[in-house]
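Visitor: Just dropping this structure here.
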Amino acid sequence: MTQIIQSLSDISSRYDALFVDLWGCVHNGVKAFPGAVAALRAYRERGGAVVLVTNSPRPRAGVEKQLDLFEVPHDCWDSIATSGDSARAAMFRGVVGQKVHFIGTPHDTSFFEPLSVIEDPVDIEIVPLDEAEGIVCTGPADPMADPAAYRADFLYAKTKGLKLLCANPDIVVDRGDHREWCAGALARLYTEMGGESLYFGKPHPPIYDLARRRLAAEGHDVENAGILAIGDGIHTDISGAMGEDIDSLFISGGLAAIETRTTHQPDKKALESFLDKEKIHPTYTIGHLR
């Protein structure tokens with residue numbers, strides 16, 4: 001059973017590096033959480049390394065700009081690994097073809113900017129669905145709309161045998177007080193309809209490989225036993241950590257705040273019931289990162 005802790009400092013001395021989710025843990029899509037910022041800053045001051053591991057479809061530079069907007073200071077993290085960068089690398093290797101149909105919002109078009117680290121990248125062309133060899137999805141065009149709106153397009157795509165590259169496996173995210181659909185909801189629907197979806201963010205291995213490379217680039221060679229993953233997504237952050245054989249800290253006051261009856265801390269019985277239902281068991285749990 002998970003151990004409920006009071007603060008990150010209760011356990012942080014056991015770990016040399018943290019893989020930290022952003023949305024719901026460090027910020028709420030509008031503004032940084034002061035307690036989380038203070039906890040990460042204190043951890044780094046003691047010599048620990050922090051890699052922000054996010055299912056954002058944006059490139060690392062785009063996420064960094066977003067962090068500035070949300071007032072997340074640079075001194076509480078070392079590097080960033082994004083689902084977008086992992087998925088972009090695959091796209092430029094041609095996993096969904098050269099001509100792709102794009103599903104997303106206009107601010108996500110930076111996803112198609114060339115990656116210098118890829119040798120002989122595929123020349124990607126955005127085309128209408130009926131001309132496409134594959135689909136690239138960074139999220140629904142309208143994050144508030146029912147994903148079922150894509151059923152007709154997905155039925156056509158499935159009959160053509162198109163693969164869907166999912167740049168963000170998250171199903172939903174909370175932006176302030178509003179819950180929005182993410183690319184993972186569309187990929188899940190496409191898979192349920194018989195299509196093939198390709199995932200590159202948490203809980204899937206590619207983003208953890210990227211996070212380890214980012215960690216090494218910062219001069220930290222850390223074994224799995226020395227890494228702690230932190231996140232509020234039970235099926236992304238925590239399931240992914242379990243799959244990578246690394247310890248995890250579940251932030252119960254994020255996406256599962258209602259189910260775990262979390263205010264300052266989770267209700268113990270509600271937390272146990274939630275984790276038993278999901279059949280996923282984090283090493284530790286805390287209400288909010290602090």
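Each chain in the structure tokens gets a letter, A, B and so on, in the order shown; residues start at 1 in every chain, and ligands are counted from 1 in the order they appear.
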Skipping near chain neighbours, those fewer than 4 positions away, what residues fall within 12 Å of Asp68 (chain A) using only C-alpha atoms, listed as a ChimeraX atom specification?

Guide: /A:27,29-32,61-64,72-75

Visitor: Export, as a short mmCIF file (atom, residue, chain, number, x, y, z; two decimals), in the first residue's frame, the selected residues with N, CA and C atoms.

Guide:
```cif
data_model
loop_
_atom_site.label_atom_id
_atom_site.label_comp_id
_atom_site.auth_asym_id
_atom_site.auth_seq_id
_atom_site.Cartn_x
_atom_site.Cartn_y
_atom_site.Cartn_z
N HIS A 27 2.03 23.46 -11.95
CA HIS A 27 1.11 24.56 -12.26
C HIS A 27 -0.25 24.00 -12.63
N GLY A 29 -2.10 25.19 -15.29
CA GLY A 29 -2.44 25.65 -16.62
C GLY A 29 -2.65 27.14 -16.68
N VAL A 30 -2.54 27.81 -15.53
CA VAL A 30 -2.70 29.26 -15.45
C VAL A 30 -1.56 29.89 -14.67
N LYS A 31 -1.21 29.26 -13.53
CA LYS A 31 -0.22 29.84 -12.64
C LYS A 31 0.49 28.73 -11.87
N ALA A 32 1.74 29.00 -11.49
CA ALA A 32 2.53 28.03 -10.72
C ALA A 32 1.96 27.84 -9.32
N ALA A 61 11.36 24.07 -26.16
CA ALA A 61 11.44 25.54 -26.12
C ALA A 61 10.06 26.17 -25.89
N GLY A 62 9.04 25.58 -26.49
CA GLY A 62 7.69 26.09 -26.31
C GLY A 62 7.19 25.91 -24.89
N VAL A 63 7.53 24.78 -24.27
CA VAL A 63 7.14 24.54 -22.88
C VAL A 63 7.87 25.51 -21.96
N GLU A 64 9.13 25.78 -22.26
CA GLU A 64 9.90 26.72 -21.44
C GLU A 64 9.27 28.11 -21.47
N VAL A 72 6.79 29.89 -13.43
CA VAL A 72 7.57 28.77 -12.87
C VAL A 72 9.05 29.14 -13.07
N PRO A 73 9.79 29.44 -12.01
CA PRO A 73 11.16 29.95 -12.16
C PRO A 73 12.14 28.89 -12.65
N HIS A 74 13.18 29.33 -13.32
CA HIS A 74 14.18 28.43 -13.90
C HIS A 74 15.02 27.72 -12.83
N ASP A 75 15.06 28.26 -11.63
CA ASP A 75 15.92 27.65 -10.61
C ASP A 75 15.28 26.48 -9.89
#
```

Visitor: Using DSSP secondary structure from the backbone, list all strand (DSSP E) positions within region 59-218 of chain A, as a ChimeraX atom specification.

Guide: /A:79-82,99-103,125-126,134-137,163-166,172-175,178-181,196-199

Visitor: Write down as a CSV table (one decimal) with N, CA and C atoms, in the first residue's frame the residues belonging to region 49-127 of chain A that are assigned helix (DSSP H, G or I) by DSSP computed on the backbone.

Guide:
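Printed below is part08.csv as written:
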```csv
chain,number,residue,atom,x,y,z
A,60,ARG,N,10.4,21.4,-26.5
A,60,ARG,CA,10.9,21.9,-25.2
A,60,ARG,C,10.9,23.4,-25.1
A,61,ALA,N,11.4,24.1,-26.2
A,61,ALA,CA,11.4,25.5,-26.1
A,61,ALA,C,10.1,26.2,-25.9
A,62,GLY,N,9.0,25.6,-26.5
A,62,GLY,CA,7.7,26.1,-26.3
A,62,GLY,C,7.2,25.9,-24.9
A,63,VAL,N,7.5,24.8,-24.3
A,63,VAL,CA,7.1,24.5,-22.9
A,63,VAL,C,7.9,25.5,-22.0
A,64,GLU,N,9.1,25.8,-22.3
A,64,GLU,CA,9.9,26.7,-21.4
A,64,GLU,C,9.3,28.1,-21.5
A,65,LYS,N,8.8,28.6,-22.6
A,65,LYS,CA,8.1,29.8,-22.7
A,65,LYS,C,6.8,29.8,-21.9
A,66,GLN,N,6.1,28.7,-22.0
A,66,GLN,CA,4.9,28.6,-21.2
A,66,GLN,C,5.2,28.6,-19.7
A,67,LEU,N,6.3,28.0,-19.3
A,67,LEU,CA,6.6,28.1,-17.8
A,67,LEU,C,6.9,29.5,-17.4
A,68,ASP,N,7.5,30.3,-18.3
A,68,ASP,CA,7.8,31.7,-17.9
A,68,ASP,C,6.4,32.4,-17.8
A,69,LEU,N,5.5,32.1,-18.6
A,69,LEU,CA,4.2,32.7,-18.6
A,69,LEU,C,3.5,32.4,-17.3
A,74,HIS,N,13.2,29.3,-13.3
A,74,HIS,CA,14.2,28.4,-13.9
A,74,HIS,C,15.0,27.7,-12.8
A,75,ASP,N,15.1,28.3,-11.6
A,75,ASP,CA,15.9,27.7,-10.6
A,75,ASP,C,15.3,26.5,-9.9
A,76,CYS,N,14.1,26.0,-10.4
A,76,CYS,CA,13.5,24.9,-9.7
A,76,CYS,C,13.5,23.6,-10.7
A,83,SER,N,6.6,15.1,-24.5
A,83,SER,CA,6.0,14.1,-25.4
A,83,SER,C,6.1,14.6,-26.8
A,84,GLY,N,5.9,15.9,-27.0
A,84,GLY,CA,6.0,16.5,-28.3
A,84,GLY,C,7.3,16.2,-29.0
A,85,ASP,N,8.4,16.4,-28.3
A,85,ASP,CA,9.8,16.2,-28.9
A,85,ASP,C,10.0,14.7,-29.2
A,86,SER,N,9.5,13.8,-28.3
A,86,SER,CA,9.6,12.4,-28.6
A,86,SER,C,8.8,12.0,-29.8
A,87,ALA,N,7.6,12.6,-29.9
A,87,ALA,CA,6.7,12.3,-31.1
A,87,ALA,C,7.2,12.9,-32.3
A,88,ARG,N,7.8,14.1,-32.2
A,88,ARG,CA,8.3,14.8,-33.4
A,88,ARG,C,9.5,14.0,-34.0
A,89,ALA,N,10.3,13.5,-33.2
A,89,ALA,CA,11.4,12.7,-33.7
A,89,ALA,C,10.9,11.5,-34.5
A,90,ALA,N,9.9,10.9,-34.0
A,90,ALA,CA,9.3,9.7,-34.7
A,90,ALA,C,8.7,10.2,-36.0
A,91,MET,N,8.0,11.3,-36.0
A,91,MET,CA,7.3,11.8,-37.2
A,91,MET,C,8.3,12.1,-38.3
A,92,PHE,N,9.5,12.7,-37.9
A,92,PHE,CA,10.5,13.1,-38.9
A,92,PHE,C,11.3,11.8,-39.4
A,106,PRO,N,-4.1,26.0,-33.8
A,106,PRO,CA,-3.0,26.7,-34.5
A,106,PRO,C,-1.7,26.9,-33.7
A,107,HIS,N,-1.8,27.1,-32.3
A,107,HIS,CA,-0.6,27.3,-31.6
A,107,HIS,C,0.3,26.0,-31.5
A,108,ASP,N,-0.2,24.9,-32.0
A,108,ASP,CA,0.6,23.7,-31.9
A,108,ASP,C,1.3,23.4,-33.3
A,109,THR,N,1.3,24.3,-34.2
A,109,THR,CA,1.9,24.1,-35.5
A,109,THR,C,3.4,24.1,-35.3
A,110,SER,N,4.0,24.6,-34.2
A,110,SER,CA,5.4,24.5,-34.0
A,110,SER,C,5.9,23.0,-33.9
A,111,PHE,N,5.0,22.1,-33.7
A,111,PHE,CA,5.3,20.7,-33.7
A,111,PHE,C,6.0,20.3,-35.0
A,112,PHE,N,5.7,21.0,-36.1
A,112,PHE,CA,6.3,20.6,-37.4
A,112,PHE,C,7.6,21.3,-37.8
```

Visitor: Which residue gives the smallest distance to Phe102 (chain A) among A:Asp78, A:Ile251, A:Ala183, A:Val122, with only C-alpha atoms counted?

Guide: A:Ala183

Visitor: Give me the residues within 9 Å of region 191-208 of chain A as an mmCIF file with N, CA and C atoms, in the first residue's frame, counting only C-alpha atoms and dropping any in the same chain fewer than 2 places off.

Guide:
```cif
data_model
loop_
_atom_site.group_PDB
_atom_site.id
_atom_site.type_symbol
_atom_site.label_atom_id
_atom_site.label_comp_id
_atom_site.auth_asym_id
_atom_site.auth_seq_id
_atom_site.Cartn_x
_atom_site.Cartn_y
_atom_site.Cartn_z
ATOM 1 N N PHE A 19 11.738 12.952 -11.866
ATOM 2 C CA PHE A 19 11.033 13.142 -13.131
ATOM 3 C C PHE A 19 9.669 13.711 -12.753
ATOM 4 N N VAL A 53 9.025 16.241 -16.913
ATOM 5 C CA VAL A 53 8.618 15.257 -17.922
ATOM 6 C C VAL A 53 7.133 15.469 -18.186
ATOM 7 N N THR A 54 6.829 16.017 -19.338
ATOM 8 C CA THR A 54 5.466 16.451 -19.610
ATOM 9 C C THR A 54 4.907 15.842 -20.886
ATOM 10 N N ASN A 55 3.614 15.570 -20.870
ATOM 11 C CA ASN A 55 2.932 15.073 -22.057
ATOM 12 C C ASN A 55 2.477 16.203 -22.974
ATOM 13 N N SER A 56 3.050 17.377 -22.793
ATOM 14 C CA SER A 56 2.745 18.482 -23.699
ATOM 15 C C SER A 56 3.188 18.127 -25.112
ATOM 16 N N PRO A 57 2.360 18.439 -26.120
ATOM 17 C CA PRO A 57 2.763 18.186 -27.505
ATOM 18 C C PRO A 57 3.745 19.217 -28.026
ATOM 19 N N ALA A 81 11.728 17.278 -20.726
ATOM 20 C CA ALA A 81 11.474 16.248 -21.734
ATOM 21 C C ALA A 81 9.993 16.288 -22.066
ATOM 22 N N THR A 82 9.664 16.502 -23.334
ATOM 23 C CA THR A 82 8.258 16.609 -23.714
ATOM 24 C C THR A 82 7.832 15.453 -24.619
ATOM 25 N N SER A 83 6.582 15.105 -24.471
ATOM 26 C CA SER A 83 5.994 14.118 -25.377
ATOM 27 C C SER A 83 6.079 14.606 -26.814
ATOM 28 N N GLY A 84 5.943 15.928 -26.980
ATOM 29 C CA GLY A 84 6.013 16.502 -28.317
ATOM 30 C C GLY A 84 7.343 16.248 -28.994
ATOM 31 N N ASP A 85 8.447 16.437 -28.255
ATOM 32 C CA ASP A 85 9.762 16.202 -28.853
ATOM 33 C C ASP A 85 9.955 14.735 -29.218
ATOM 34 N N SER A 86 9.492 13.843 -28.338
ATOM 35 C CA SER A 86 9.616 12.418 -28.610
ATOM 36 C C SER A 86 8.794 12.029 -29.846
ATOM 37 N N ALA A 87 7.583 12.567 -29.926
ATOM 38 C CA ALA A 87 6.717 12.263 -31.064
ATOM 39 C C ALA A 87 7.229 12.910 -32.350
ATOM 40 N N ALA A 90 9.869 10.853 -34.002
ATOM 41 C CA ALA A 90 9.295 9.718 -34.725
ATOM 42 C C ALA A 90 8.658 10.167 -36.035
ATOM 43 N N VAL A 95 7.268 7.695 -39.406
ATOM 44 C CA VAL A 95 6.418 6.614 -38.886
ATOM 45 C C VAL A 95 4.966 6.709 -39.357
ATOM 46 N N ARG A 151 -15.646 11.012 -35.029
ATOM 47 C CA ARG A 151 -15.975 9.640 -35.435
ATOM 48 C C ARG A 151 -16.007 9.459 -36.954
ATOM 49 N N PHE A 154 -12.562 9.525 -38.371
ATOM 50 C CA PHE A 154 -11.799 8.356 -37.926
ATOM 51 C C PHE A 154 -12.253 7.082 -38.633
ATOM 52 N N LEU A 155 -13.532 6.992 -38.919
ATOM 53 C CA LEU A 155 -14.020 5.831 -39.661
ATOM 54 C C LEU A 155 -13.399 5.804 -41.052
ATOM 55 N N ALA A 157 -10.547 7.274 -41.918
ATOM 56 C CA ALA A 157 -9.107 7.037 -41.752
ATOM 57 C C ALA A 157 -8.817 5.565 -41.486
ATOM 58 N N LYS A 158 -9.668 4.939 -40.684
ATOM 59 C CA LYS A 158 -9.466 3.524 -40.374
ATOM 60 C C LYS A 158 -9.586 2.668 -41.626
ATOM 61 N N THR A 159 -10.562 2.982 -42.464
ATOM 62 C CA THR A 159 -10.755 2.182 -43.683
ATOM 63 C C THR A 159 -9.565 2.357 -44.639
ATOM 64 N N GLY A 161 -6.545 2.651 -43.465
ATOM 65 C CA GLY A 161 -5.409 2.064 -42.772
ATOM 66 C C GLY A 161 -4.401 3.081 -42.274
ATOM 67 N N LEU A 162 -4.856 4.312 -41.999
ATOM 68 C CA LEU A 162 -3.941 5.355 -41.536
ATOM 69 C C LEU A 162 -3.570 5.156 -40.058
ATOM 70 N N LYS A 163 -2.311 5.373 -39.737
ATOM 71 C CA LYS A 163 -1.872 5.380 -38.343
ATOM 72 C C LYS A 163 -2.013 6.796 -37.786
ATOM 73 N N LEU A 164 -2.342 6.875 -36.482
ATOM 74 C CA LEU A 164 -2.488 8.160 -35.809
ATOM 75 C C LEU A 164 -1.358 8.330 -34.811
ATOM 76 N N LEU A 165 -0.531 9.365 -35.006
ATOM 77 C CA LEU A 165 0.536 9.678 -34.071
ATOM 78 C C LEU A 165 -0.030 10.594 -32.997
ATOM 79 N N CYS A 166 -0.034 10.117 -31.752
ATOM 80 C CA CYS A 166 -0.576 10.873 -30.624
ATOM 81 C C CYS A 166 0.568 11.582 -29.906
ATOM 82 N N ALA A 167 0.551 12.917 -29.950
ATOM 83 C CA ALA A 167 1.635 13.692 -29.351
ATOM 84 C C ALA A 167 1.444 13.949 -27.861
ATOM 85 N N ASN A 168 0.280 13.602 -27.330
ATOM 86 C CA ASN A 168 -0.006 13.795 -25.905
ATOM 87 C C ASN A 168 -0.974 12.726 -25.444
ATOM 88 N N PRO A 169 -0.503 11.679 -24.754
ATOM 89 C CA PRO A 169 -1.382 10.585 -24.343
ATOM 90 C C PRO A 169 -2.376 10.934 -23.241
ATOM 91 N N ASP A 170 -2.278 12.133 -22.638
ATOM 92 C CA ASP A 170 -3.243 12.508 -21.606
ATOM 93 C C ASP A 170 -4.653 12.492 -22.182
ATOM 94 N N GLY A 184 -4.866 12.310 -26.181
ATOM 95 C CA GLY A 184 -5.065 10.925 -25.773
ATOM 96 C C GLY A 184 -6.509 10.472 -25.879
ATOM 97 N N LEU A 186 -8.619 11.415 -28.209
ATOM 98 C CA LEU A 186 -8.869 11.115 -29.625
ATOM 99 C C LEU A 186 -8.175 9.815 -30.024
ATOM 100 N N ALA A 187 -6.951 9.615 -29.547
ATOM 101 C CA ALA A 187 -6.234 8.380 -29.867
ATOM 102 C C ALA A 187 -6.957 7.167 -29.295
ATOM 103 N N ARG A 188 -7.494 7.320 -28.097
ATOM 104 C CA ARG A 188 -8.254 6.224 -27.490
ATOM 105 C C ARG A 188 -9.486 5.899 -28.323
ATOM 106 N N LEU A 189 -10.196 6.937 -28.767
ATOM 107 C CA LEU A 189 -11.375 6.725 -29.605
ATOM 108 C C LEU A 189 -10.999 6.032 -30.904
ATOM 109 N N LEU A 210 13.947 9.649 -23.414
ATOM 110 C CA LEU A 210 14.322 11.041 -23.631
ATOM 111 C C LEU A 210 14.676 11.713 -22.310
ATOM 112 N N ALA A 211 13.886 11.457 -21.272
ATOM 113 C CA ALA A 211 14.150 12.062 -19.961
ATOM 114 C C ALA A 211 15.511 11.640 -19.422
ATOM 115 N N ARG A 212 15.870 10.379 -19.615
ATOM 116 C CA ARG A 212 17.184 9.907 -19.161
ATOM 117 C C ARG A 212 18.311 10.576 -19.952
ATOM 118 N N ARG A 213 18.091 10.794 -21.236
ATOM 119 C CA ARG A 213 19.100 11.486 -22.044
ATOM 120 C C ARG A 213 19.245 12.936 -21.604
ATOM 121 N N HIS A 235 -2.844 6.908 -14.627
ATOM 122 C CA HIS A 235 -2.621 6.027 -15.780
ATOM 123 C C HIS A 235 -1.484 6.498 -16.678
ATOM 124 N N THR A 236 -0.903 7.644 -16.387
ATOM 125 C CA THR A 236 0.229 8.148 -17.161
ATOM 126 C C THR A 236 1.473 8.209 -16.284
ATOM 127 N N ASP A 237 1.486 9.128 -15.334
ATOM 128 C CA ASP A 237 2.669 9.321 -14.486
ATOM 129 C C ASP A 237 2.991 8.102 -13.628
ATOM 130 N N ILE A 238 1.990 7.569 -12.962
ATOM 131 C CA ILE A 238 2.245 6.487 -12.006
ATOM 132 C C ILE A 238 2.386 5.144 -12.717
ATOM 133 N N SER A 239 1.493 4.867 -13.658
ATOM 134 C CA SER A 239 1.618 3.629 -14.431
ATOM 135 C C SER A 239 2.932 3.610 -15.206
ATOM 136 N N GLY A 240 3.315 4.754 -15.760
ATOM 137 C CA GLY A 240 4.571 4.831 -16.493
ATOM 138 C C GLY A 240 5.770 4.570 -15.616
ATOM 139 N N ALA A 241 5.759 5.118 -14.400
ATOM 140 C CA ALA A 241 6.856 4.886 -13.457
ATOM 141 C C ALA A 241 6.964 3.411 -13.102
ATOM 142 N N MET A 242 5.823 2.773 -12.871
ATOM 143 C CA MET A 242 5.824 1.348 -12.555
ATOM 144 C C MET A 242 6.403 0.547 -13.712
ATOM 145 N N GLY A 243 6.043 0.924 -14.928
ATOM 146 C CA GLY A 243 6.564 0.220 -16.100
ATOM 147 C C GLY A 243 8.060 0.391 -16.280
ATOM 148 N N GLU A 244 8.588 1.526 -15.788
ATOM 149 C CA GLU A 244 10.023 1.796 -15.889
ATOM 150 C C GLU A 244 10.789 1.306 -14.664
#
```

Visitor: Please list as a ChimeraX atom specification every residue within 9 Å of Val26 (chain A), counting only C-alpha atoms and excluding residues in the same chain fewer than 4 positions away.

Guide: /A:20-22,31-37,72,289

Visitor: Create the file for the chosen residues now, containing N, CA and C atoms and written as a PDB file, in the first residue's frame.

Guide:
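See selection30.pdb below for the written result:
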```pdb
ATOM      1  N   VAL A  20       9.442  14.992 -13.000  1.00  0.00           N
ATOM      2  CA  VAL A  20       8.276  15.684 -12.454  1.00  0.00           C
ATOM      3  C   VAL A  20       7.293  16.090 -13.547  1.00  0.00           C
ATOM      4  N   ASP A  21       6.049  15.674 -13.378  1.00  0.00           N
ATOM      5  CA  ASP A  21       4.979  16.113 -14.261  1.00  0.00           C
ATOM      6  C   ASP A  21       4.716  17.602 -14.013  1.00  0.00           C
ATOM      7  N   LEU A  22       4.185  18.278 -15.008  1.00  0.00           N
ATOM      8  CA  LEU A  22       3.954  19.713 -14.868  1.00  0.00           C
ATOM      9  C   LEU A  22       2.509  20.051 -14.508  1.00  0.00           C
ATOM     10  N   LYS A  31      -1.214  29.264 -13.533  1.00  0.00           N
ATOM     11  CA  LYS A  31      -0.218  29.841 -12.641  1.00  0.00           C
ATOM     12  C   LYS A  31       0.490  28.732 -11.872  1.00  0.00           C
ATOM     13  N   ALA A  32       1.741  28.999 -11.488  1.00  0.00           N
ATOM     14  CA  ALA A  32       2.534  28.035 -10.723  1.00  0.00           C
ATOM     15  C   ALA A  32       1.962  27.839  -9.322  1.00  0.00           C
ATOM     16  N   PHE A  33       2.190  26.639  -8.765  1.00  0.00           N
ATOM     17  CA  PHE A  33       1.861  26.361  -7.376  1.00  0.00           C
ATOM     18  C   PHE A  33       3.080  26.737  -6.519  1.00  0.00           C
ATOM     19  N   PRO A  34       2.974  27.732  -5.660  1.00  0.00           N
ATOM     20  CA  PRO A  34       4.139  28.170  -4.871  1.00  0.00           C
ATOM     21  C   PRO A  34       4.779  27.059  -4.049  1.00  0.00           C
ATOM     22  N   GLY A  35       3.965  26.181  -3.456  1.00  0.00           N
ATOM     23  CA  GLY A  35       4.513  25.099  -2.649  1.00  0.00           C
ATOM     24  C   GLY A  35       5.351  24.138  -3.457  1.00  0.00           C
ATOM     25  N   ALA A  36       4.908  23.849  -4.683  1.00  0.00           N
ATOM     26  CA  ALA A  36       5.656  22.945  -5.554  1.00  0.00           C
ATOM     27  C   ALA A  36       6.972  23.580  -5.975  1.00  0.00           C
ATOM     28  N   VAL A  37       6.929  24.849  -6.327  1.00  0.00           N
ATOM     29  CA  VAL A  37       8.146  25.562  -6.724  1.00  0.00           C
ATOM     30  C   VAL A  37       9.160  25.547  -5.584  1.00  0.00           C
ATOM     31  N   VAL A  72       6.794  29.886 -13.430  1.00  0.00           N
ATOM     32  CA  VAL A  72       7.571  28.773 -12.874  1.00  0.00           C
ATOM     33  C   VAL A  72       9.046  29.142 -13.071  1.00  0.00           C
ATOM     34  N   LEU A 289       2.084  18.735  -4.247  1.00  0.00           N
ATOM     35  CA  LEU A 289       3.540  18.782  -4.177  1.00  0.00           C
ATOM     36  C   LEU A 289       3.965  19.978  -3.327  1.00  0.00           C
TER      37      LEU A 289
END
```

Visitor: Between A:Arg290, A:Arg214, A:Lys279, A:His264, which is the closest to Ala17 (chain A) once you count only C-alpha atoms?

Guide: A:Arg214
